[in-house]
>>> print(open('protein.txt').read())   # compact mmCIF, C-alpha atoms and all ligand atoms
# COMPACT_ATOMS: atom_id res chain seq x y z
CA MET A 1 0.00 0.00 0.00
CA ASN A 2 1.42 3.40 -0.97
CA SER A 3 1.58 6.07 1.70
CA ILE A 4 -0.30 9.26 0.86
CA PHE A 5 1.62 12.53 0.84
CA ASP A 6 -0.10 15.73 1.88
CA THR A 7 1.54 17.40 -1.08
CA ILE A 8 3.58 16.22 -4.05
CA ILE A 9 5.66 18.98 -5.61
CA ILE A 10 6.79 18.38 -9.16
CA GLY A 11 9.91 20.35 -10.10
CA GLY A 12 13.02 21.22 -8.14
CA GLY A 13 13.56 24.87 -9.02
CA PRO A 14 13.01 27.98 -6.90
CA ALA A 15 9.20 27.64 -6.97
CA GLY A 16 9.27 23.94 -6.07
CA PHE A 17 11.77 24.23 -3.23
CA THR A 18 10.06 27.28 -1.76
CA ALA A 19 6.73 25.44 -1.85
CA ALA A 20 8.47 22.51 -0.14
CA LEU A 21 10.02 24.76 2.52
CA TYR A 22 6.69 26.37 3.37
CA ALA A 23 4.69 23.13 3.16
CA ALA A 24 7.12 21.17 5.36
CA ARG A 25 7.28 24.01 7.90
CA ALA A 26 3.46 23.93 8.02
CA GLY A 27 3.68 20.27 8.99
CA LEU A 28 2.66 18.83 5.62
CA ASN A 29 4.09 15.46 4.61
CA THR A 30 5.91 16.76 1.52
CA VAL A 31 7.88 15.25 -1.34
CA VAL A 32 9.64 17.09 -4.19
CA LEU A 33 10.17 15.20 -7.44
CA GLU A 34 13.04 16.40 -9.61
CA LYS A 35 13.85 14.76 -12.91
CA LEU A 36 17.46 15.59 -13.52
CA SER A 37 19.22 18.39 -11.73
CA ILE A 38 18.54 20.73 -8.87
CA GLY A 39 17.72 24.39 -9.46
CA GLY A 40 15.92 24.40 -12.82
CA GLN A 41 16.80 27.21 -15.25
CA MET A 42 18.31 29.20 -12.39
CA ALA A 43 21.11 26.66 -12.01
CA LEU A 44 22.29 27.42 -15.55
CA THR A 45 23.09 31.02 -14.62
CA SER A 46 26.49 31.42 -13.06
CA GLN A 47 25.93 34.91 -11.71
CA ILE A 48 22.53 36.12 -10.54
CA ASP A 49 22.54 39.82 -9.75
CA ASN A 50 18.84 40.51 -9.27
CA TYR A 51 17.94 38.25 -6.36
CA PRO A 52 17.62 40.41 -3.27
CA GLY A 53 20.02 39.94 -0.40
CA PHE A 54 23.10 39.21 -2.48
CA PRO A 55 24.85 42.55 -3.18
CA ASN A 56 27.72 40.74 -4.92
CA GLY A 57 25.46 38.41 -6.87
CA VAL A 58 25.03 34.69 -6.31
CA ASP A 59 25.82 31.57 -8.31
CA GLY A 60 22.54 30.07 -9.61
CA PHE A 61 23.61 26.48 -9.06
CA GLN A 62 24.64 27.20 -5.48
CA LEU A 63 21.39 29.07 -4.82
CA GLY A 64 19.48 26.02 -6.10
CA MET A 65 21.44 23.69 -3.81
CA ASP A 66 20.86 26.01 -0.85
CA MET A 67 17.13 26.14 -1.58
CA ARG A 68 17.08 22.34 -1.74
CA ASP A 69 18.97 22.06 1.56
CA GLY A 70 16.55 24.49 3.20
CA ALA A 71 13.54 22.47 2.08
CA GLU A 72 15.15 19.23 3.21
CA LYS A 73 16.11 20.67 6.56
CA ALA A 74 12.51 21.76 7.08
CA GLY A 75 11.45 18.14 6.60
CA ALA A 76 10.62 17.78 2.90
CA GLU A 77 11.73 14.64 1.09
CA ILE A 78 13.60 15.19 -2.18
CA ARG A 79 13.49 12.41 -4.76
CA PHE A 80 15.16 12.17 -8.14
CA SER A 81 12.54 10.63 -10.37
CA GLU A 82 10.85 11.46 -13.61
CA VAL A 83 7.09 11.89 -13.65
CA LEU A 84 5.59 9.84 -16.46
CA SER A 85 1.89 10.61 -16.06
CA LEU A 86 -0.59 12.25 -13.71
CA ASP A 87 -4.17 11.72 -12.69
CA LEU A 88 -5.08 15.00 -11.03
CA THR A 89 -8.82 14.39 -10.67
CA ALA A 90 -8.39 11.13 -8.76
CA GLU A 91 -8.74 11.29 -4.95
CA PRO A 92 -6.00 11.03 -3.84
CA LYS A 93 -4.15 12.35 -6.88
CA LYS A 94 -1.96 9.84 -8.63
CA VAL A 95 1.59 10.52 -9.84
CA GLU A 96 3.24 7.79 -11.91
CA THR A 97 7.03 8.04 -11.90
CA ASP A 98 9.87 5.97 -13.31
CA SER A 99 10.36 4.62 -9.78
CA GLY A 100 6.76 3.83 -8.87
CA THR A 101 3.38 5.42 -8.12
CA LEU A 102 2.93 8.19 -5.56
CA LEU A 103 -0.36 9.37 -4.08
CA GLY A 104 -0.95 12.94 -2.94
CA LYS A 105 -3.84 14.84 -1.41
CA THR A 106 -2.56 17.92 -3.25
CA VAL A 107 -0.15 18.50 -6.14
CA ILE A 108 1.96 21.58 -6.79
CA LEU A 109 3.26 21.87 -10.35
CA ALA A 110 6.52 23.77 -10.53
CA THR A 111 7.91 22.37 -13.76
CA GLY A 112 9.05 25.70 -15.20
CA ALA A 113 9.67 26.78 -18.77
CA SER A 114 12.71 26.57 -20.96
CA PRO A 115 13.90 28.74 -23.81
CA ARG A 116 12.90 27.65 -27.29
CA LEU A 117 15.94 26.51 -29.28
CA LEU A 118 16.77 27.32 -32.89
CA GLY A 119 17.32 23.63 -33.56
CA LEU A 120 20.63 24.13 -35.38
CA PRO A 121 23.49 21.64 -35.42
CA ARG A 122 26.03 22.37 -32.65
CA GLU A 123 23.60 24.69 -30.82
CA GLN A 124 23.78 22.77 -27.56
CA GLU A 125 27.55 22.24 -27.77
CA LEU A 126 28.12 26.00 -28.18
CA THR A 127 25.66 27.02 -25.47
CA GLY A 128 27.66 28.95 -22.89
CA ARG A 129 30.44 29.28 -25.47
CA GLY A 130 28.91 32.06 -27.51
CA ILE A 131 25.28 30.98 -27.56
CA SER A 132 23.02 32.34 -24.86
CA TYR A 133 19.30 32.43 -24.17
CA CYS A 134 19.41 35.33 -21.71
CA ALA A 135 20.93 38.71 -22.57
CA HIS A 136 20.35 40.06 -19.09
CA CYS A 137 22.29 37.12 -17.64
CA ASP A 138 25.19 36.88 -20.10
CA GLY A 139 25.37 40.22 -21.94
CA MET A 140 28.28 41.49 -19.84
CA PHE A 141 30.53 38.71 -21.19
CA TYR A 142 30.34 40.41 -24.60
CA ARG A 143 31.28 43.93 -23.57
CA GLY A 144 32.70 45.84 -26.55
CA LYS A 145 32.06 42.97 -28.98
CA THR A 146 29.72 42.32 -31.90
CA VAL A 147 26.78 40.06 -31.11
CA ALA A 148 23.67 38.89 -32.93
CA ILE A 149 20.22 38.25 -31.52
CA VAL A 150 17.40 36.22 -33.09
CA GLY A 151 13.72 37.08 -32.65
CA GLY A 152 11.24 39.88 -33.18
CA GLY A 153 9.10 39.81 -30.05
CA ASN A 154 9.18 42.03 -26.96
CA SER A 155 11.89 39.94 -25.34
CA ALA A 156 14.23 40.05 -28.35
CA VAL A 157 13.85 43.79 -28.76
CA ALA A 158 14.25 44.53 -25.06
CA GLU A 159 17.32 42.31 -25.00
CA ALA A 160 18.74 43.95 -28.15
CA LEU A 161 18.39 47.36 -26.46
CA HIS A 162 20.06 46.01 -23.33
CA LEU A 163 22.93 44.56 -25.37
CA SER A 164 23.33 47.80 -27.35
CA ARG A 165 24.39 49.52 -24.13
CA ILE A 166 27.13 46.92 -23.53
CA CYS A 167 28.29 45.70 -26.92
CA GLU A 168 29.94 47.51 -29.79
CA LYS A 169 27.36 46.33 -32.29
CA VAL A 170 24.12 44.32 -32.13
CA ILE A 171 22.65 42.59 -35.18
CA LEU A 172 18.96 41.74 -34.75
CA ILE A 173 17.92 38.90 -37.04
CA HIS A 174 14.19 38.48 -37.62
CA ARG A 175 12.42 36.07 -39.95
CA ARG A 176 9.75 38.54 -41.06
CA ASP A 177 9.70 42.16 -42.25
CA THR A 178 7.90 43.54 -39.19
CA LEU A 179 8.48 43.18 -35.50
CA ARG A 180 6.03 41.35 -33.29
CA ALA A 181 7.17 43.59 -30.44
CA THR A 182 4.79 46.35 -29.28
CA LYS A 183 4.97 49.73 -31.03
CA THR A 184 6.66 51.43 -28.07
CA TYR A 185 9.78 49.42 -28.81
CA HIS A 186 9.92 50.26 -32.53
CA GLU A 187 11.13 53.82 -32.12
CA ALA A 188 13.66 52.91 -29.44
CA ILE A 189 15.22 50.27 -31.63
CA ALA A 190 15.23 52.50 -34.72
CA ASN A 191 17.05 55.17 -32.69
CA ALA A 192 19.73 52.85 -31.31
CA GLU A 193 22.74 53.67 -33.48
CA ASN A 194 24.59 50.41 -32.95
CA ILE A 195 21.66 48.06 -33.72
CA GLU A 196 21.39 46.76 -37.27
CA ILE A 197 18.25 44.82 -38.22
CA LEU A 198 18.39 42.02 -40.77
CA TRP A 199 14.78 41.54 -41.88
CA ASN A 200 13.45 38.37 -43.53
CA SER A 201 16.49 36.48 -42.36
CA ARG A 202 17.33 33.34 -40.48
CA VAL A 203 20.45 31.84 -38.97
CA THR A 204 21.35 28.63 -40.80
CA ALA A 205 24.72 27.60 -39.31
CA LEU A 206 27.01 28.21 -36.34
CA HIS A 207 30.79 28.44 -36.74
CA GLY A 208 33.75 28.16 -34.37
CA THR A 209 35.60 25.33 -32.74
CA GLU A 210 36.04 26.07 -29.03
CA LYS A 211 33.54 28.92 -29.08
CA LEU A 212 31.27 30.72 -31.50
CA THR A 213 33.06 33.04 -33.93
CA ALA A 214 30.58 33.49 -36.78
CA ILE A 215 27.09 32.61 -38.01
CA SER A 216 25.62 31.97 -41.46
CA VAL A 217 22.54 34.06 -42.21
CA GLU A 218 20.15 33.42 -45.07
CA ASP A 219 18.21 36.25 -46.67
CA LEU A 220 14.79 34.65 -47.17
CA VAL A 221 13.89 37.03 -50.01
CA SER A 222 17.02 36.69 -52.17
CA GLY A 223 17.84 33.16 -50.99
CA LYS A 224 21.48 34.22 -50.51
CA THR A 225 23.50 33.16 -47.47
CA ARG A 226 26.47 35.01 -45.98
CA ASP A 227 28.73 34.55 -42.98
CA ILE A 228 28.78 37.23 -40.27
CA ASP A 229 31.45 37.45 -37.56
CA ALA A 230 29.86 37.45 -34.10
CA ALA A 231 31.27 36.64 -30.69
CA GLY A 232 27.81 35.91 -29.33
CA LEU A 233 24.41 34.78 -30.55
CA PHE A 234 21.45 35.44 -28.28
CA VAL A 235 18.38 33.35 -29.03
CA SER A 236 15.15 35.03 -27.95
CA ILE A 237 12.36 33.26 -29.78
CA GLY A 238 10.01 32.54 -26.91
CA ARG A 239 9.83 30.02 -24.13
CA GLN A 240 8.30 26.59 -23.86
CA PRO A 241 6.39 25.83 -20.65
CA ALA A 242 6.76 22.27 -19.37
CA THR A 243 3.06 21.43 -19.48
CA GLU A 244 3.09 18.27 -21.59
CA LEU A 245 2.04 16.17 -18.57
CA VAL A 246 -1.02 18.27 -17.74
CA LYS A 247 -2.22 19.63 -21.07
CA ASN A 248 -5.29 17.38 -21.15
CA GLN A 249 -6.25 18.00 -17.52
CA LEU A 250 -5.51 21.62 -16.67
CA GLU A 251 -6.64 24.79 -18.41
CA LEU A 252 -3.74 26.40 -20.27
CA ASP A 253 -3.44 29.81 -21.95
CA ALA A 254 -2.76 30.21 -25.68
CA ALA A 255 1.00 29.96 -25.14
CA GLY A 256 0.64 26.74 -23.13
CA TYR A 257 1.14 28.13 -19.59
CA ILE A 258 -1.09 26.83 -16.77
CA LEU A 259 -3.98 29.22 -16.11
CA ALA A 260 -3.87 30.24 -12.47
CA GLY A 261 -4.09 33.58 -10.73
CA GLU A 262 -2.07 34.92 -7.80
CA SER A 263 -3.55 32.18 -5.61
CA THR A 264 -1.78 29.64 -7.91
CA GLN A 265 -4.99 27.54 -7.76
CA THR A 266 -5.68 25.77 -11.06
CA ASN A 267 -9.05 24.64 -12.40
CA ILE A 268 -8.73 21.38 -10.41
CA PRO A 269 -9.21 21.76 -6.63
CA GLY A 270 -6.06 20.85 -4.72
CA VAL A 271 -3.80 21.37 -7.74
CA PHE A 272 -1.58 24.45 -7.80
CA ALA A 273 0.82 25.91 -10.39
CA ALA A 274 3.87 27.85 -9.19
CA GLY A 275 6.71 29.65 -10.94
CA ASP A 276 7.46 30.00 -14.64
CA VAL A 277 4.90 27.35 -15.65
CA ARG A 278 2.02 29.63 -14.53
CA THR A 279 0.45 32.48 -16.51
CA LYS A 280 2.12 35.66 -15.28
CA GLN A 281 3.65 38.96 -16.32
CA LEU A 282 7.16 38.57 -14.95
CA ARG A 283 9.10 35.30 -14.84
CA GLN A 284 11.92 35.76 -12.37
CA ILE A 285 13.32 33.89 -9.36
CA VAL A 286 11.60 36.34 -7.01
CA THR A 287 8.21 35.76 -8.61
CA ALA A 288 8.78 31.98 -8.63
CA VAL A 289 9.61 31.85 -4.93
CA ALA A 290 6.57 34.02 -4.17
CA ASP A 291 4.41 31.54 -6.07
CA GLY A 292 5.95 28.63 -4.18
CA ALA A 293 5.01 30.14 -0.83
CA GLN A 294 1.50 30.91 -2.06
CA ALA A 295 0.99 27.40 -3.46
CA ALA A 296 2.04 25.81 -0.17
CA ALA A 297 -0.38 28.08 1.70
CA GLY A 298 -3.08 27.07 -0.79
CA ALA A 299 -2.36 23.38 -0.26
CA GLU A 300 -2.41 23.86 3.50
CA ALA A 301 -5.77 25.66 3.34
CA TYR A 302 -7.20 22.98 1.06
CA LEU A 303 -6.17 20.24 3.50
CA ARG A 304 -7.43 22.23 6.49
CA ASN A 305 -10.84 22.45 4.86
CA GLY A 306 -11.10 18.72 5.17
CA ARG A 307 -10.22 17.43 1.71
P1 LIG A 401 7.10 36.07 -28.54
O1 LIG A 401 6.32 37.31 -28.33
O2 LIG A 401 6.36 34.80 -28.78
O3 LIG A 401 8.07 36.33 -29.78
C1 LIG A 401 8.87 35.32 -30.29
C2 LIG A 401 9.62 35.86 -31.50
O4 LIG A 401 10.49 34.85 -31.96
C3 LIG A 401 8.70 36.22 -32.65
O5 LIG A 401 9.16 37.39 -33.26
C4 LIG A 401 8.81 35.03 -33.58
O6 LIG A 401 8.71 35.36 -34.95
C5 LIG A 401 10.23 34.57 -33.32
N1 LIG A 401 10.40 33.14 -33.53
C6 LIG A 401 9.68 32.12 -32.99
N2 LIG A 401 10.17 30.93 -33.38
C7 LIG A 401 11.24 31.20 -34.17
C8 LIG A 401 12.18 30.40 -34.87
N3 LIG A 401 12.13 29.06 -34.83
N4 LIG A 401 13.15 31.02 -35.59
C9 LIG A 401 13.22 32.37 -35.60
N5 LIG A 401 12.36 33.19 -34.99
C10 LIG A 401 11.38 32.61 -34.27
O7 LIG A 401 8.09 35.73 -27.32
P2 LIG A 401 8.85 36.73 -26.33
O8 LIG A 401 9.39 37.91 -27.05
O9 LIG A 401 9.78 35.87 -25.56
O10 LIG A 401 7.73 37.24 -25.34
C11 LIG A 401 6.95 36.30 -24.56
C12 LIG A 401 5.80 37.06 -23.88
O11 LIG A 401 6.33 37.94 -22.90
C13 LIG A 401 5.03 37.90 -24.88
O12 LIG A 401 3.67 37.89 -24.51
C14 LIG A 401 5.60 39.26 -24.69
O13 LIG A 401 4.74 40.31 -25.05
C15 LIG A 401 5.92 39.26 -23.19
N6 LIG A 401 7.01 40.21 -22.90
C16 LIG A 401 6.67 41.50 -22.64
C17 LIG A 401 7.66 42.44 -22.40
C18 LIG A 401 7.27 43.84 -22.15
O14 LIG A 401 6.11 44.15 -22.20
N7 LIG A 401 8.18 44.72 -21.87
C19 LIG A 401 9.01 42.08 -22.48
C20 LIG A 401 9.32 40.78 -22.77
C21 LIG A 401 8.31 39.83 -23.00
P3 LIG A 401 7.32 35.80 -35.62
O15 LIG A 401 7.10 37.20 -35.18
O16 LIG A 401 7.58 35.64 -37.06
O17 LIG A 401 6.31 34.83 -35.09
>>> encode(input="protein.txt", output="structure tokens")
Amino acid sequence: MNSIFDTIIIGGGPAGFTAALYAARAGLNTVVLEKLSIGGQMALTSQIDNYPGFPNGVDGFQLGMDMRDGAEKAGAEIRFSEVLSLDLTAEPKKVETDSGTLLGKTVILATGASPRLLGLPREQELTGRGISYCAHCDGMFYRGKTVAIVGGGNSAVAEALHLSRICEKVILIHRRDTLRATKTYHEAIANAENIEILWNSRVTALHGTEKLTAISVEDLVSGKTRDIDAAGLFVSIGRQPATELVKNQLELDAAGYILAGESTQTNIPGVFAAGDVRTKQLRQIVTAVADGAQAAAGAEAYLRNGR
């Protein structure tokens, strides 16, 4: 017979570990399931400068480990296992993992979101060696250099403007002839003297042995391809929420994020969504940890009400 957890938290990033910390401290029998590595997206950032309380910045991996340790010390169990399927309407809720079935009175989804990749050969190998998915995290490594950025949405344009203040030159590569970004950004980008826009263009190849040195760019109108020297390539073509497991059970928004307000309560009672996987305006560590605390409070209230 499986024991029944008060709450099963899926995802070991800032939202998941904060939910675990708060849930365990509230006396809930809590387990966190993490597939691969502690810390989520945060752990991929070597220097985090916008998390309060760290005037000299903090290493993302270390912060993830510390959050894990805090949750564990409070009494939460941390397990490395991959969730294969979920039955969120069952009572108790059923979580099938690669190491067996778990039952939970509540479930907190904190599976996060990851940047969409270009899908080019060598993209993963060169990530961190010229390829980046976060200009605000890595821009400073390219001070005084020429970089390219792919995308035409609000993120790409905001990141291009950020990079233009650090780098010598920024080449914005967009696959269409108009930006998706809101109008307010159009003037700012047109006025930035060191931003060049390549319209109707796509990156087709990445060059460099140890690190990125150049990219091939195809002009989709003329069909011609040319190589452009660039020390960095920032990819800003949207993010992919990790909602595959719940897409047939929970209400999602058009972009695939779990629909839940500030309470983090989803459309299924006793199921909460915390962090980057939830619909929200600002996806940051601070907003993820806030969600984690709120989700744990929601789970506690749900259990208190006799479910
Ligand atoms: P987004 O709005 O979905 O834009 C993604 C961009 O990437 C689009 O220009 C798209 O091209 C392009 N793209 C997608 N797949 C591509 C591919 N395989 N190859 C090349 N280009 C590709 O995503 P986002 O900019 O990350 O923004 C996400 C959300 O956050 C949006 O709702 C956005 O408004 C919001 N946000 C708001 C602010 C702000 O208000 N200040 C700042 C940042 C983000 P197409 O245009 O051709 O589809």
>>> closest_residue(input="protein.txt", among="A:Gly75, A:Gly261, A:Gly270, A:Gly153", to="ligand LIG 401 (chain A)", atoms="only C-alpha atoms and all ligand atoms")
A:Gly153
>>> residues_near_ligand(input="protein.txt", ligand="ligand LIG 401 (chain A)", cutoff="6 Å", atoms="all atoms listed in the file", output="PyMOL selection string")
chain A and resi 118+151-156+175-176+180+236-238
>>> write_last_selection(input="protein.txt", atoms="C-alpha atoms", output="compact mmCIF listing (two decimals), in the frame of the given file")
# COMPACT_ATOMS: atom_id res chain seq x y z
CA LEU A 118 16.77 27.32 -32.89
CA GLY A 151 13.72 37.08 -32.65
CA GLY A 152 11.24 39.88 -33.18
CA GLY A 153 9.10 39.81 -30.05
CA ASN A 154 9.18 42.03 -26.96
CA SER A 155 11.89 39.94 -25.34
CA ALA A 156 14.23 40.05 -28.35
CA ARG A 175 12.42 36.07 -39.95
CA ARG A 176 9.75 38.54 -41.06
CA ARG A 180 6.03 41.35 -33.29
CA SER A 236 15.15 35.03 -27.95
CA ILE A 237 12.36 33.26 -29.78
CA GLY A 238 10.01 32.54 -26.91
>>> atom_distance(input="protein.txt", atom1="atom CA of Leu120 of chain A", atom2="atom CA of Trp199 of chain A")
19.5 Å
>>> atom_distance(input="protein.txt", atom1="atom CA of Pro55 of chain A", atom2="atom CA of Met140 of chain A")
17.0 Å
>>> atom_distance(input="protein.txt", atom1="atom CA of Ala19 of chain A", atom2="atom CA of Ala299 of chain A")
9.5 Å
>>> residues_around(input="protein.txt", residues="Ser81 of chain A", least_positions_apart="5", cutoff="10 Å", atoms="all atoms listed in the file", output="ChimeraX atom specification")
/A:10,32-36,96-100
>>> closest_residue(input="protein.txt", among="A:Asp291, A:Lys211, A:Asn200, A:Gln284", to="Pro52 of chain A", atoms="all atoms listed in the file")
A:Gln284
>>> residues_around(input="protein.txt", residues="Ala293 of chain A", least_positions_apart="6", cutoff="12 Å", atoms="all atoms listed in the file", output="VMD selection string")
chain A and resid 14 to 26 71 108 110 262 to 264 272 to 275 286 to 287 299 to 300
>>> closest_residue(input="protein.txt", among="A:Ile171, A:Leu233, A:Leu126, A:Ile228", to="Gly208 of chain A", atoms="only C-alpha atoms")
A:Leu126
>>> closest_residue(input="protein.txt", among="A:Ile48, A:Leu303, A:Val150, A:Ile166", to="Val203 of chain A", atoms="only C-alpha atoms")
A:Val150
>>> axis_aligned_box(input="protein.txt", around="segment 134-140 of chain A", padding_each_side="3 Å", output="lines of an AutoDock Vina configuration file")
center_x = 23.8
center_y = 38.4
center_z = -20.1
size_x = 14.9
size_y = 12.2
size_z = 10.9
>>> closest_residue(input="protein.txt", among="A:Glu72, A:Gly292, A:Thr101, A:Arg122", to="Leu84 of chain A", atoms="all atoms listed in the file")
A:Thr101
>>> decode(input="protein.txt", residues="segment 194-203 of chain A", atoms="all heavy atoms", output="PDB file, in the first residue's frame")
ATOM      1  N   ASN A 194      23.747  51.596 -32.731  1.00  0.00           N
ATOM      2  CA  ASN A 194      24.585  50.409 -32.954  1.00  0.00           C
ATOM      3  C   ASN A 194      23.770  49.119 -33.131  1.00  0.00           C
ATOM      4  O   ASN A 194      24.306  48.029 -32.989  1.00  0.00           O
ATOM      5  CB  ASN A 194      25.628  50.254 -31.837  1.00  0.00           C
ATOM      6  CG  ASN A 194      24.985  50.082 -30.477  1.00  0.00           C
ATOM      7  OD1 ASN A 194      23.799  50.341 -30.311  1.00  0.00           O
ATOM      8  ND2 ASN A 194      25.763  49.620 -29.507  1.00  0.00           N
ATOM      9  N   ILE A 195      22.457  49.273 -33.419  1.00  0.00           N
ATOM     10  CA  ILE A 195      21.656  48.064 -33.723  1.00  0.00           C
ATOM     11  C   ILE A 195      21.340  48.045 -35.219  1.00  0.00           C
ATOM     12  O   ILE A 195      20.762  48.994 -35.758  1.00  0.00           O
ATOM     13  CB  ILE A 195      20.341  48.033 -32.923  1.00  0.00           C
ATOM     14  CG1 ILE A 195      20.616  47.993 -31.413  1.00  0.00           C
ATOM     15  CG2 ILE A 195      19.507  46.811 -33.330  1.00  0.00           C
ATOM     16  CD1 ILE A 195      19.378  47.939 -30.527  1.00  0.00           C
ATOM     17  N   GLU A 196      21.732  46.958 -35.857  1.00  0.00           N
ATOM     18  CA  GLU A 196      21.391  46.756 -37.270  1.00  0.00           C
ATOM     19  C   GLU A 196      20.334  45.654 -37.323  1.00  0.00           C
ATOM     20  O   GLU A 196      20.475  44.635 -36.645  1.00  0.00           O
ATOM     21  CB  GLU A 196      22.639  46.324 -38.053  1.00  0.00           C
ATOM     22  CG  GLU A 196      22.367  46.063 -39.521  1.00  0.00           C
ATOM     23  CD  GLU A 196      23.572  45.454 -40.248  1.00  0.00           C
ATOM     24  OE1 GLU A 196      24.638  45.289 -39.611  1.00  0.00           O
ATOM     25  OE2 GLU A 196      23.435  45.113 -41.430  1.00  0.00           O
ATOM     26  N   ILE A 197      19.287  45.864 -38.124  1.00  0.00           N
ATOM     27  CA  ILE A 197      18.253  44.815 -38.224  1.00  0.00           C
ATOM     28  C   ILE A 197      18.359  44.112 -39.569  1.00  0.00           C
ATOM     29  O   ILE A 197      18.401  44.770 -40.619  1.00  0.00           O
ATOM     30  CB  ILE A 197      16.839  45.398 -38.054  1.00  0.00           C
ATOM     31  CG1 ILE A 197      16.729  46.170 -36.733  1.00  0.00           C
ATOM     32  CG2 ILE A 197      15.801  44.269 -38.089  1.00  0.00           C
ATOM     33  CD1 ILE A 197      15.351  46.710 -36.407  1.00  0.00           C
ATOM     34  N   LEU A 198      18.441  42.801 -39.543  1.00  0.00           N
ATOM     35  CA  LEU A 198      18.386  42.016 -40.773  1.00  0.00           C
ATOM     36  C   LEU A 198      16.980  41.426 -40.861  1.00  0.00           C
ATOM     37  O   LEU A 198      16.636  40.497 -40.124  1.00  0.00           O
ATOM     38  CB  LEU A 198      19.434  40.897 -40.764  1.00  0.00           C
ATOM     39  CG  LEU A 198      20.905  41.322 -40.609  1.00  0.00           C
ATOM     40  CD1 LEU A 198      21.815  40.102 -40.688  1.00  0.00           C
ATOM     41  CD2 LEU A 198      21.289  42.342 -41.684  1.00  0.00           C
ATOM     42  N   TRP A 199      16.153  42.007 -41.725  1.00  0.00           N
ATOM     43  CA  TRP A 199      14.777  41.542 -41.881  1.00  0.00           C
ATOM     44  C   TRP A 199      14.749  40.275 -42.736  1.00  0.00           C
ATOM     45  O   TRP A 199      15.670  40.011 -43.512  1.00  0.00           O
ATOM     46  CB  TRP A 199      13.922  42.618 -42.573  1.00  0.00           C
ATOM     47  CG  TRP A 199      13.865  43.919 -41.829  1.00  0.00           C
ATOM     48  CD1 TRP A 199      14.483  45.075 -42.181  1.00  0.00           C
ATOM     49  CD2 TRP A 199      13.148  44.204 -40.619  1.00  0.00           C
ATOM     50  NE1 TRP A 199      14.202  46.069 -41.278  1.00  0.00           N
ATOM     51  CE2 TRP A 199      13.373  45.553 -40.301  1.00  0.00           C
ATOM     52  CE3 TRP A 199      12.336  43.453 -39.774  1.00  0.00           C
ATOM     53  CZ2 TRP A 199      12.826  46.174 -39.183  1.00  0.00           C
ATOM     54  CZ3 TRP A 199      11.783  44.067 -38.658  1.00  0.00           C
ATOM     55  CH2 TRP A 199      12.024  45.408 -38.369  1.00  0.00           C
ATOM     56  N   ASN A 200      13.661  39.560 -42.683  1.00  0.00           N
ATOM     57  CA  ASN A 200      13.451  38.370 -43.532  1.00  0.00           C
ATOM     58  C   ASN A 200      14.692  37.487 -43.557  1.00  0.00           C
ATOM     59  O   ASN A 200      15.143  37.067 -44.637  1.00  0.00           O
ATOM     60  CB  ASN A 200      13.093  38.792 -44.968  1.00  0.00           C
ATOM     61  CG  ASN A 200      11.830  39.621 -45.007  1.00  0.00           C
ATOM     62  OD1 ASN A 200      10.789  39.191 -44.529  1.00  0.00           O
ATOM     63  ND2 ASN A 200      11.930  40.834 -45.534  1.00  0.00           N
ATOM     64  N   SER A 201      15.222  37.222 -42.411  1.00  0.00           N
ATOM     65  CA  SER A 201      16.490  36.484 -42.363  1.00  0.00           C
ATOM     66  C   SER A 201      16.449  35.408 -41.297  1.00  0.00           C
ATOM     67  O   SER A 201      15.723  35.529 -40.306  1.00  0.00           O
ATOM     68  CB  SER A 201      17.643  37.445 -42.038  1.00  0.00           C
ATOM     69  OG  SER A 201      17.755  38.423 -43.045  1.00  0.00           O
ATOM     70  N   ARG A 202      17.231  34.382 -41.512  1.00  0.00           N
ATOM     71  CA  ARG A 202      17.333  33.343 -40.484  1.00  0.00           C
ATOM     72  C   ARG A 202      18.757  32.831 -40.393  1.00  0.00           C
ATOM     73  O   ARG A 202      19.495  32.821 -41.394  1.00  0.00           O
ATOM     74  CB  ARG A 202      16.356  32.195 -40.750  1.00  0.00           C
ATOM     75  CG  ARG A 202      16.695  31.367 -41.958  1.00  0.00           C
ATOM     76  CD  ARG A 202      15.650  30.281 -42.166  1.00  0.00           C
ATOM     77  NE  ARG A 202      16.049  29.468 -43.310  1.00  0.00           N
ATOM     78  CZ  ARG A 202      16.401  28.199 -43.236  1.00  0.00           C
ATOM     79  NH1 ARG A 202      16.383  27.563 -42.086  1.00  0.00           N
ATOM     80  NH2 ARG A 202      16.772  27.541 -44.325  1.00  0.00           N
ATOM     81  N   VAL A 203      19.115  32.408 -39.190  1.00  0.00           N
ATOM     82  CA  VAL A 203      20.450  31.836 -38.970  1.00  0.00           C
ATOM     83  C   VAL A 203      20.402  30.377 -39.428  1.00  0.00           C
ATOM     84  O   VAL A 203      19.497  29.629 -39.045  1.00  0.00           O
ATOM     85  CB  VAL A 203      20.834  31.918 -37.473  1.00  0.00           C
ATOM     86  CG1 VAL A 203      22.210  31.293 -37.238  1.00  0.00           C
ATOM     87  CG2 VAL A 203      20.809  33.358 -36.998  1.00  0.00           C
TER      88      VAL A 203
END
